[in-house]
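Asks: Sharing structure.txt (compact mmCIF, C-alpha atoms) below.
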```txt
# COMPACT_ATOMS: atom_id res chain seq x y z
CA MET A 1 103.99 81.31 103.03
CA GLN A 2 103.18 84.48 101.15
CA ASP A 3 101.43 87.24 103.04
CA LYS A 4 98.41 89.14 101.79
CA VAL A 5 98.89 91.73 99.07
CA ASP A 6 97.23 95.14 99.16
CA LEU A 7 96.95 95.74 95.41
CA ALA A 8 96.57 99.53 95.70
CA GLY A 9 99.59 99.72 97.97
CA ALA A 10 101.65 97.53 95.64
CA LEU A 11 100.70 99.74 92.70
CA ALA A 12 101.61 102.89 94.64
CA SER A 13 105.16 101.64 95.13
CA PHE A 14 106.33 102.18 91.54
CA ASP A 15 105.45 104.39 88.60
CA GLU A 16 106.83 102.80 85.42
CA ALA A 17 104.33 101.75 82.77
CA PHE A 18 104.48 98.33 81.07
CA GLN A 19 106.80 96.98 83.77
CA PRO A 20 104.76 94.39 85.68
CA ARG A 21 105.81 93.56 89.24
CA ILE A 22 105.20 90.08 90.62
CA VAL A 23 103.28 90.16 93.92
CA GLY A 24 102.67 86.44 94.35
CA TYR A 25 102.08 83.13 92.69
CA TYR A 26 99.07 80.89 92.09
CA ASN A 27 100.27 77.44 91.10
CA ASP A 28 102.46 77.97 88.01
CA SER A 29 101.17 81.47 87.37
CA LYS A 30 102.64 84.80 88.42
CA LEU A 31 100.31 87.39 89.91
CA GLN A 32 101.43 90.80 88.72
CA VAL A 33 100.42 94.39 89.17
CA ALA A 34 101.14 96.71 86.28
CA LYS A 35 100.59 100.25 85.09
CA VAL A 36 99.46 101.01 81.57
CA ARG A 37 99.94 104.44 80.02
CA GLY A 38 99.53 104.99 76.31
CA GLU A 39 99.75 102.05 73.95
CA PHE A 40 101.72 98.84 74.44
CA VAL A 41 102.51 96.68 71.40
CA TRP A 42 100.54 94.17 69.33
CA HIS A 43 101.36 90.65 70.43
CA SER A 44 99.91 87.29 71.32
CA HIS A 45 100.81 84.48 73.67
CA PRO A 46 100.67 81.22 71.70
CA ASP A 47 100.66 79.02 74.81
CA THR A 48 98.50 80.80 77.33
CA ASP A 49 95.45 82.90 78.05
CA ASP A 50 96.14 86.39 79.41
CA PHE A 51 94.16 87.56 82.46
CA PHE A 52 93.44 91.28 82.95
CA LEU A 53 91.56 92.85 85.86
CA VAL A 54 91.39 96.64 86.03
CA ILE A 55 92.06 98.04 89.51
CA SER A 56 91.79 101.72 88.58
CA GLY A 57 91.47 103.84 85.47
CA ARG A 58 90.26 102.73 82.07
CA LEU A 59 91.92 100.15 79.84
CA THR A 60 91.22 99.33 76.22
CA ILE A 61 92.18 95.85 75.05
CA GLN A 62 92.44 96.33 71.33
CA LEU A 63 91.74 93.15 69.39
CA ARG A 64 92.04 92.90 65.62
CA ASP A 65 88.24 92.93 65.19
CA ARG A 66 87.06 95.08 68.12
CA ASP A 67 88.02 97.02 71.22
CA VAL A 68 87.15 95.79 74.70
CA GLU A 69 86.71 98.73 77.08
CA LEU A 70 87.37 98.00 80.75
CA GLY A 71 86.86 100.10 83.86
CA ALA A 72 87.72 99.39 87.49
CA GLY A 73 86.37 95.99 88.52
CA ASP A 74 86.14 94.70 84.95
CA LEU A 75 87.89 91.46 84.07
CA PHE A 76 88.82 90.16 80.61
CA VAL A 77 90.74 87.11 79.46
CA VAL A 78 92.49 87.27 76.10
CA PRO A 79 92.47 83.70 74.77
CA ARG A 80 95.76 82.08 73.86
CA GLY A 81 96.96 82.97 70.40
CA VAL A 82 94.74 86.04 70.03
CA GLU A 83 96.52 89.22 68.99
CA HIS A 84 95.92 92.13 71.32
CA CYS A 85 97.33 95.55 72.18
CA PRO A 86 96.50 97.16 75.55
CA ARG A 87 96.02 100.92 75.58
CA ALA A 88 95.17 103.40 78.31
CA ASP A 89 95.14 107.01 77.18
CA GLU A 90 94.56 108.33 80.71
CA GLY A 91 96.41 105.52 82.49
CA ALA A 92 95.23 102.35 84.18
CA GLU A 93 96.35 100.02 86.95
CA ILE A 94 95.80 96.31 86.52
CA LEU A 95 96.19 92.85 87.98
CA LEU A 96 97.76 90.65 85.30
CA ILE A 97 98.04 86.87 85.52
CA GLU A 98 100.24 84.80 83.22
CA PRO A 99 102.21 81.59 83.66
CA ARG A 100 105.73 81.98 85.04
CA GLY A 101 108.14 82.53 82.19
CA THR A 102 105.60 84.24 79.94
CA PRO A 103 107.14 87.37 78.34
CA ASN A 104 104.83 90.37 78.76
CA SER A 105 105.36 91.33 75.12
CA GLY A 106 104.55 87.81 73.95
CA ASP A 107 105.67 87.07 70.41
CA SER A 108 106.30 90.74 69.52
CA GLN A 109 109.43 91.45 67.52
CA GLU A 110 109.10 95.18 68.22
CA ARG A 111 109.55 95.26 71.95
CA GLU A 112 111.68 93.29 74.38
CA ALA A 113 109.92 91.71 77.31
CA PHE A 114 110.34 93.32 80.71
CA PRO A 115 112.22 90.90 82.98
CA GLU A 116 110.36 89.04 85.72
CA VAL A 117 110.72 91.22 88.82
CA GLU A 118 109.22 90.50 92.23
CA LEU A 119 107.97 93.54 94.10
CA MET B 1 85.47 84.38 72.85
CA GLN B 2 84.39 85.35 76.34
CA ASP B 3 83.28 88.92 76.87
CA LYS B 4 84.38 91.17 79.70
CA VAL B 5 83.01 90.55 83.17
CA ASP B 6 81.85 93.34 85.46
CA LEU B 7 82.59 91.72 88.82
CA ALA B 8 80.23 93.95 90.82
CA GLY B 9 77.42 93.28 88.37
CA ALA B 10 78.08 89.54 88.43
CA LEU B 11 77.99 89.58 92.23
CA ALA B 12 74.75 91.57 92.25
CA SER B 13 73.00 88.85 90.23
CA PHE B 14 72.75 86.30 93.07
CA ASP B 15 72.63 86.30 96.84
CA GLU B 16 73.54 82.81 98.10
CA ALA B 17 76.67 82.50 100.23
CA PHE B 18 79.30 79.80 99.59
CA GLN B 19 77.92 79.11 96.12
CA PRO B 20 80.59 80.32 93.69
CA ARG B 21 79.51 81.24 90.16
CA ILE B 22 81.92 80.75 87.26
CA VAL B 23 82.35 83.93 85.21
CA GLY B 24 85.17 82.81 82.93
CA TYR B 25 88.24 80.69 82.52
CA TYR B 26 91.97 81.31 82.51
CA ASN B 27 93.73 78.28 81.04
CA ASP B 28 92.66 75.32 83.20
CA SER B 29 91.36 77.53 86.02
CA LYS B 30 87.82 78.69 86.68
CA LEU B 31 87.30 82.36 87.57
CA GLN B 32 84.54 82.56 90.12
CA VAL B 33 82.69 85.22 92.06
CA ALA B 34 81.36 84.21 95.45
CA LYS B 35 79.68 85.61 98.52
CA VAL B 36 80.85 84.76 102.00
CA ARG B 37 78.59 85.20 105.03
CA GLY B 38 79.46 83.64 108.35
CA GLU B 39 81.92 80.76 108.50
CA PHE B 40 82.58 78.16 105.80
CA VAL B 41 84.26 74.89 106.75
CA TRP B 42 87.84 73.86 107.48
CA HIS B 43 89.37 72.23 104.42
CA SER B 44 92.41 72.11 102.21
CA HIS B 45 93.09 71.48 98.55
CA PRO B 46 95.88 68.92 98.30
CA ASP B 47 96.59 69.61 94.62
CA THR B 48 96.22 73.35 94.20
CA ASP B 49 96.74 76.81 95.60
CA ASP B 50 93.56 78.78 96.32
CA PHE B 51 93.36 82.39 95.09
CA PHE B 52 91.22 84.94 96.98
CA LEU B 53 90.71 88.59 96.05
CA VAL B 54 88.23 90.60 98.10
CA ILE B 55 85.94 92.79 95.98
CA SER B 56 83.88 94.21 98.85
CA GLY B 57 83.48 93.69 102.58
CA ARG B 58 85.94 92.06 104.94
CA LEU B 59 87.10 88.44 104.80
CA THR B 60 89.07 86.49 107.36
CA ILE B 61 91.03 83.52 106.09
CA GLN B 62 91.47 81.46 109.22
CA LEU B 63 94.62 79.33 109.12
CA ARG B 64 95.54 76.88 111.86
CA ASP B 65 98.26 79.21 113.18
CA ARG B 66 96.87 82.69 112.40
CA ASP B 67 94.11 84.72 110.82
CA VAL B 68 94.64 86.68 107.61
CA GLU B 69 92.38 89.74 107.52
CA LEU B 70 91.45 90.99 104.06
CA GLY B 71 89.61 94.10 102.92
CA ALA B 72 88.56 95.23 99.45
CA GLY B 73 91.51 95.07 97.06
CA ASP B 74 93.46 92.61 99.20
CA LEU B 75 94.65 89.38 97.63
CA PHE B 76 95.78 86.21 99.37
CA VAL B 77 96.80 82.79 98.08
CA VAL B 78 96.33 79.79 100.35
CA PRO B 79 99.10 77.37 99.40
CA ARG B 80 98.13 73.87 98.34
CA GLY B 81 97.62 71.52 101.26
CA VAL B 82 97.18 74.27 103.85
CA GLU B 83 94.05 74.01 105.99
CA HIS B 84 91.90 77.12 105.96
CA CYS B 85 88.41 78.28 106.83
CA PRO B 86 87.04 81.51 105.31
CA ARG B 87 84.83 83.65 107.54
CA ALA B 88 83.03 86.96 107.01
CA ASP B 89 80.92 88.07 109.94
CA GLU B 90 79.55 91.09 108.05
CA GLY B 91 79.69 89.50 104.60
CA ALA B 92 82.20 89.72 101.78
CA GLU B 93 82.29 89.41 98.01
CA ILE B 94 85.27 87.76 96.40
CA LEU B 95 86.97 86.65 93.21
CA LEU B 96 88.05 83.04 93.68
CA ILE B 97 90.36 81.17 91.31
CA GLU B 98 90.82 77.41 91.39
CA PRO B 99 91.50 74.79 88.73
CA ARG B 100 88.45 73.39 86.96
CA GLY B 101 87.14 70.42 88.88
CA THR B 102 88.32 71.67 92.27
CA PRO B 103 85.55 71.23 94.87
CA ASN B 104 85.01 74.47 96.84
CA SER B 105 84.96 72.52 100.09
CA GLY B 106 88.19 70.73 99.25
CA ASP B 107 88.81 67.62 101.31
CA SER B 108 86.14 68.45 103.91
CA GLN B 109 83.99 65.55 105.08
CA GLU B 110 81.52 67.95 106.73
CA ARG B 111 80.20 69.79 103.73
CA GLU B 112 79.42 68.79 100.17
CA ALA B 113 80.95 70.85 97.42
CA PHE B 114 78.72 73.26 95.55
CA PRO B 115 78.47 72.11 91.92
CA GLU B 116 80.30 74.01 89.20
CA VAL B 117 77.81 76.56 87.90
CA GLU B 118 78.45 79.14 85.20
CA LEU B 119 76.79 82.48 85.78
```
Show how you would write the structure in this file as C-alpha cells.
Replies:
Amino acid sequence: MQDKVDLAGALASFDEAFQPRIVGYYNDSKLQVAKVRGEFVWHSHPDTDDFFLVISGRLTIQLRDRDVELGAGDLFVVPRGVEHCPRADEGAEILLIEPRGTPNSGDSQEREAFPEVEL
Amino acid sequence: MQDKVDLAGALASFDEAFQPRIVGYYNDSKLQVAKVRGEFVWHSHPDTDDFFLVISGRLTIQLRDRDVELGAGDLFVVPRGVEHCPRADEGAEILLIEPRGTPNSGDSQEREAFPEVEL
C-alpha cells in the first residue's frame, strides 16, 4: 500500500520545471507534483480532463478565450479537448492529475512529453 | 465550463461534518470538500480507491493495522476494498475524490450515505 505523501516535501526534492513526478495513483489516474516556470506549450488532451491544484505560487491557465488565474489552494479542471497553456511568470508548484499514459504535452507537436517518472 | 474553485472559500461556506460538497468533476470523479470532526464510521469502497488531501487541521485515517496521520498538504489514497475510518479529534478540512455515485459511507451498514450535493 502506498504511504502518505507530503506534497511540499515531494516538491522540494526536485527543481526542474514541466517535469511532473508521480507520487501516487488514484484508480487509473496518476497523482503528480510539478513545477511551472515561464510558459509551457499550447495543447489539449482529447480523451481526458486535466486537474490542476496550486500548492504554492501563482499559475495562469491560458485558454483561447480567457485566462484563469490561480493562487495557492485554487483548483481548476480543464475539460477534455480544450486548448490550454499553463504559465507562471514567478513560478508555481502544483498537484496535477491525469490518467496513466496521458502525455503532459497532450497533442502538441512542438514539445515532446516528459516521460512518466515516479518520485 | 467550470470555473476555478477556491478550496478555503468553499470550505468556509458550510459547517456540517461528514457532509461532502461537490465542487467540480474530473472525468467520472466528483471533487468534494468535506469537514471531519470526531470519528466517521468503518467502511470500505469495493470498487474504488479513496483520495484524501488535507487542506487544514489534522486527520487520522484509521486502518485495521495502523493509523495514518495527515496534516495540511498531506495526501493519502486508501486502496479499493481496504477498511478505513477517518477521525479528526480537533477537526480537519479535506479534498476528497471518489467516482460519481460512490456513497461516502461505502459499504457501512451503520450509517447512511450523505446524498451527492453540489456546492
Asks: With chain B held fixed, move chain A onto it by a least-squares fit of all C-alpha atoms in order and give the output as an mmCIF file with C-alpha atoms, in the frame of the given file.
Replies:
```
data_model
loop_
_atom_site.group_PDB
_atom_site.id
_atom_site.type_symbol
_atom_site.label_atom_id
_atom_site.label_comp_id
_atom_site.auth_asym_id
_atom_site.auth_seq_id
_atom_site.Cartn_x
_atom_site.Cartn_y
_atom_site.Cartn_z
ATOM 1 C CA MET A 1 85.486 84.360 72.886
ATOM 2 C CA GLN A 2 84.393 85.363 76.355
ATOM 3 C CA ASP A 3 83.260 88.927 76.874
ATOM 4 C CA LYS A 4 84.392 91.167 79.701
ATOM 5 C CA VAL A 5 83.011 90.551 83.172
ATOM 6 C CA ASP A 6 81.839 93.351 85.448
ATOM 7 C CA LEU A 7 82.591 91.715 88.803
ATOM 8 C CA ALA A 8 80.225 93.948 90.806
ATOM 9 C CA GLY A 9 77.422 93.281 88.354
ATOM 10 C CA ALA A 10 78.069 89.534 88.423
ATOM 11 C CA LEU A 11 77.992 89.575 92.220
ATOM 12 C CA ALA A 12 74.740 91.561 92.236
ATOM 13 C CA SER A 13 72.998 88.847 90.235
ATOM 14 C CA PHE A 14 72.744 86.295 93.059
ATOM 15 C CA ASP A 15 72.618 86.290 96.839
ATOM 16 C CA GLU A 16 73.550 82.809 98.087
ATOM 17 C CA ALA A 17 76.669 82.499 100.220
ATOM 18 C CA PHE A 18 79.306 79.805 99.592
ATOM 19 C CA GLN A 19 77.917 79.116 96.115
ATOM 20 C CA PRO A 20 80.586 80.328 93.681
ATOM 21 C CA ARG A 21 79.505 81.228 90.147
ATOM 22 C CA ILE A 22 81.919 80.751 87.261
ATOM 23 C CA VAL A 23 82.349 83.942 85.207
ATOM 24 C CA GLY A 24 85.169 82.815 82.932
ATOM 25 C CA TYR A 25 88.234 80.695 82.524
ATOM 26 C CA TYR A 26 91.983 81.314 82.508
ATOM 27 C CA ASN A 27 93.731 78.298 81.035
ATOM 28 C CA ASP A 28 92.650 75.336 83.199
ATOM 29 C CA SER A 29 91.348 77.519 86.003
ATOM 30 C CA LYS A 30 87.816 78.712 86.675
ATOM 31 C CA LEU A 31 87.302 82.360 87.561
ATOM 32 C CA GLN A 32 84.533 82.566 90.127
ATOM 33 C CA VAL A 33 82.697 85.217 92.054
ATOM 34 C CA ALA A 34 81.376 84.215 95.445
ATOM 35 C CA LYS A 35 79.676 85.608 98.514
ATOM 36 C CA VAL A 36 80.849 84.751 101.997
ATOM 37 C CA ARG A 37 78.602 85.196 105.023
ATOM 38 C CA GLY A 38 79.467 83.646 108.352
ATOM 39 C CA GLU A 39 81.901 80.763 108.495
ATOM 40 C CA PHE A 40 82.575 78.176 105.797
ATOM 41 C CA VAL A 41 84.263 74.898 106.766
ATOM 42 C CA TRP A 42 87.850 73.860 107.486
ATOM 43 C CA HIS A 43 89.373 72.243 104.429
ATOM 44 C CA SER A 44 92.414 72.114 102.211
ATOM 45 C CA HIS A 45 93.082 71.487 98.552
ATOM 46 C CA PRO A 46 95.882 68.912 98.301
ATOM 47 C CA ASP A 47 96.574 69.618 94.622
ATOM 48 C CA THR A 48 96.224 73.344 94.199
ATOM 49 C CA ASP A 49 96.737 76.809 95.599
ATOM 50 C CA ASP A 50 93.557 78.779 96.318
ATOM 51 C CA PHE A 51 93.358 82.391 95.089
ATOM 52 C CA PHE A 52 91.224 84.931 96.983
ATOM 53 C CA LEU A 53 90.722 88.588 96.064
ATOM 54 C CA VAL A 54 88.241 90.611 98.107
ATOM 55 C CA ILE A 55 85.941 92.789 95.989
ATOM 56 C CA SER A 56 83.886 94.207 98.860
ATOM 57 C CA GLY A 57 83.476 93.686 102.579
ATOM 58 C CA ARG A 58 85.934 92.056 104.936
ATOM 59 C CA LEU A 59 87.095 88.447 104.809
ATOM 60 C CA THR A 60 89.061 86.488 107.372
ATOM 61 C CA ILE A 61 91.042 83.518 106.085
ATOM 62 C CA GLN A 62 91.493 81.478 109.211
ATOM 63 C CA LEU A 63 94.618 79.336 109.125
ATOM 64 C CA ARG A 64 95.546 76.891 111.869
ATOM 65 C CA ASP A 65 98.268 79.224 113.200
ATOM 66 C CA ARG A 66 96.885 82.698 112.411
ATOM 67 C CA ASP A 67 94.117 84.724 110.821
ATOM 68 C CA VAL A 68 94.657 86.682 107.619
ATOM 69 C CA GLU A 69 92.369 89.725 107.517
ATOM 70 C CA LEU A 70 91.463 90.997 104.053
ATOM 71 C CA GLY A 71 89.603 94.097 102.923
ATOM 72 C CA ALA A 72 88.555 95.222 99.451
ATOM 73 C CA GLY A 73 91.518 95.085 97.075
ATOM 74 C CA ASP A 74 93.462 92.613 99.212
ATOM 75 C CA LEU A 75 94.660 89.388 97.630
ATOM 76 C CA PHE A 76 95.779 86.191 99.378
ATOM 77 C CA VAL A 77 96.800 82.791 98.071
ATOM 78 C CA VAL A 78 96.342 79.796 100.351
ATOM 79 C CA PRO A 79 99.103 77.353 99.392
ATOM 80 C CA ARG A 80 98.149 73.849 98.349
ATOM 81 C CA GLY A 81 97.605 71.518 101.260
ATOM 82 C CA VAL A 82 97.169 74.274 103.849
ATOM 83 C CA GLU A 83 94.059 74.010 105.999
ATOM 84 C CA HIS A 84 91.915 77.118 105.961
ATOM 85 C CA CYS A 85 88.413 78.288 106.848
ATOM 86 C CA PRO A 86 87.038 81.515 105.320
ATOM 87 C CA ARG A 87 84.829 83.654 107.536
ATOM 88 C CA ALA A 88 83.046 86.950 107.006
ATOM 89 C CA ASP A 89 80.923 88.061 109.933
ATOM 90 C CA GLU A 90 79.530 91.071 108.052
ATOM 91 C CA GLY A 91 79.686 89.482 104.597
ATOM 92 C CA ALA A 92 82.206 89.713 101.788
ATOM 93 C CA GLU A 93 82.291 89.403 98.013
ATOM 94 C CA ILE A 94 85.283 87.757 96.403
ATOM 95 C CA LEU A 95 86.971 86.661 93.209
ATOM 96 C CA LEU A 96 88.053 83.042 93.672
ATOM 97 C CA ILE A 97 90.351 81.169 91.300
ATOM 98 C CA GLU A 98 90.812 77.401 91.376
ATOM 99 C CA PRO A 99 91.498 74.786 88.718
ATOM 100 C CA ARG A 100 88.443 73.378 86.949
ATOM 101 C CA GLY A 101 87.134 70.412 88.878
ATOM 102 C CA THR A 102 88.318 71.674 92.261
ATOM 103 C CA PRO A 103 85.551 71.233 94.884
ATOM 104 C CA ASN A 104 85.022 74.461 96.836
ATOM 105 C CA SER A 105 84.941 72.513 100.100
ATOM 106 C CA GLY A 106 88.175 70.717 99.246
ATOM 107 C CA ASP A 107 88.806 67.615 101.323
ATOM 108 C CA SER A 108 86.124 68.444 103.926
ATOM 109 C CA GLN A 109 83.990 65.548 105.093
ATOM 110 C CA GLU A 110 81.525 67.949 106.727
ATOM 111 C CA ARG A 111 80.202 69.784 103.726
ATOM 112 C CA GLU A 112 79.431 68.775 100.161
ATOM 113 C CA ALA A 113 80.964 70.855 97.422
ATOM 114 C CA PHE A 114 78.716 73.257 95.549
ATOM 115 C CA PRO A 115 78.463 72.111 91.921
ATOM 116 C CA GLU A 116 80.302 74.017 89.199
ATOM 117 C CA VAL A 117 77.789 76.563 87.899
ATOM 118 C CA GLU A 118 78.439 79.150 85.200
ATOM 119 C CA LEU A 119 76.776 82.499 85.763
#
```
Asks: In Å, with one decimal, what is the gap from atom CA of Gln2 of chain A to atom CA of Val117 of chain A?
Replies: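 One can read the atom CA of Gln2 of chain A to atom CA of Val117 of chain A distance as 15.9 Å.
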Asks: Excluding segment 43-48 of chain B and any residue of its chain fewer than 5 positions from it, enumerate the residues within 7 Å of it, using all atoms listed in the file, and give them as a PyMOL selection string.
Replies: (chain A and resi 27) or (chain B and resi 80-85+105-108)
Asks: What is the atom CA of Phe18 of chain A-atom CA of Leu95 of chain A distance in Å, reported with one decimal?
Replies: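 One can read the atom CA of Phe18 of chain A to atom CA of Leu95 of chain A distance as 12.1 Å.
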Asks: May I ask which of the residues A:Asp74, A:Glu69, A:Glu39, A:Glu16 is the closest one to chain B, counting all atoms listed in the file?
Replies: A:Asp74
Asks: Neighbouring residues of Glu116 of chain A were defined as those with any atom within 10 Å, considering all atoms listed in the file; residues of the same chain fewer than 3 positions away were excluded. Please report them as a count of residues only.
Replies: 13
Asks: At a cut-off of 10 Å, can you tabulate as a tab-separated table every residue of chain B near chain A together with its closest atom pair and the distance in Å to one decimal, using all atoms listed in the file and ordering rows by chain then number?
Replies:
```
residue	atom	partner	partner_atom	distance
B:Met1	CA	A:Pro79	CA	7.3
B:Gln2	CA	A:Val77	CA	7.3
B:Asp3	CA	A:Phe76	CA	6.8
B:Lys4	CA	A:Phe76	CA	4.6
B:Val5	CA	A:Leu75	CA	5.0
B:Asp6	CA	A:Asp74	CA	4.5
B:Leu7	CA	A:Gly73	CA	5.7
B:Ala8	CA	A:Gly73	CA	6.9
B:Gly9	CA	A:Gly73	CA	9.4
B:Val23	CA	A:Leu75	CA	9.4
B:Gly24	CA	A:Val77	CA	7.8
B:Tyr25	CA	A:Val77	CA	7.5
B:Tyr26	CA	A:Asp49	CA	5.9
B:Asn27	CA	A:Asp49	CA	5.8
B:Asp28	CA	A:Asp49	CA	9.6
B:Leu31	CA	A:Leu75	CA	9.8
B:Asp47	CA	A:Asn27	CA	9.3
B:Thr48	CA	A:Asn27	CA	6.5
B:Asp49	CA	A:Asn27	CA	5.8
B:Asp50	CA	A:Tyr26	CA	7.3
B:Phe51	CA	A:Tyr26	CA	6.6
B:Phe52	CA	A:Lys4	CA	9.6
B:Leu53	CA	A:Val5	CA	9.3
B:Ile55	CA	A:Gly73	CA	8.1
B:Val68	CA	A:Lys4	CA	7.4
B:Glu69	CA	A:Lys4	CA	8.3
B:Leu70	CA	A:Lys4	CA	7.6
B:Gly71	CA	A:Asp6	CA	8.6
B:Ala72	CA	A:Asp6	CA	8.7
B:Gly73	CA	A:Leu7	CA	5.7
B:Asp74	CA	A:Asp6	CA	4.5
B:Leu75	CA	A:Val5	CA	5.1
B:Phe76	CA	A:Lys4	CA	4.6
B:Val77	CA	A:Tyr26	CA	6.7
B:Val78	CA	A:Met1	CA	8.3
B:Pro79	CA	A:Met1	CA	7.3
B:Arg80	CA	A:Asn27	CA	8.4
B:Val82	CA	A:Met1	CA	9.8
B:Ile97	CA	A:Tyr26	CA	8.7
B:Glu98	CA	A:Tyr26	CA	9.0
B:Pro99	CA	A:Asn27	CA	9.5
```
Asks: I want to know what sits within 9 Å of Glu93 of chain A, based on only C-alpha atoms, with residues of the same chain fewer than 3 positions away left out; could you give that as an MDAnalysis selection string?
Replies: chainID A and resid 8 11 33:37 53:59 72
Asks: Which distance in Å separates atom CA of Gln62 of chain B and atom CA of Pro86 of chain B, to one decimal?
Replies: 5.9 Å
Asks: Would you please work out which residue, of A:Arg66, A:Thr60, A:Gln109, A:Phe14, is nearest to Gly91 of chain A when using all atoms listed in the file?
Replies: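 The answer is A:Thr60, which sits nearest to Gly91 of chain A.
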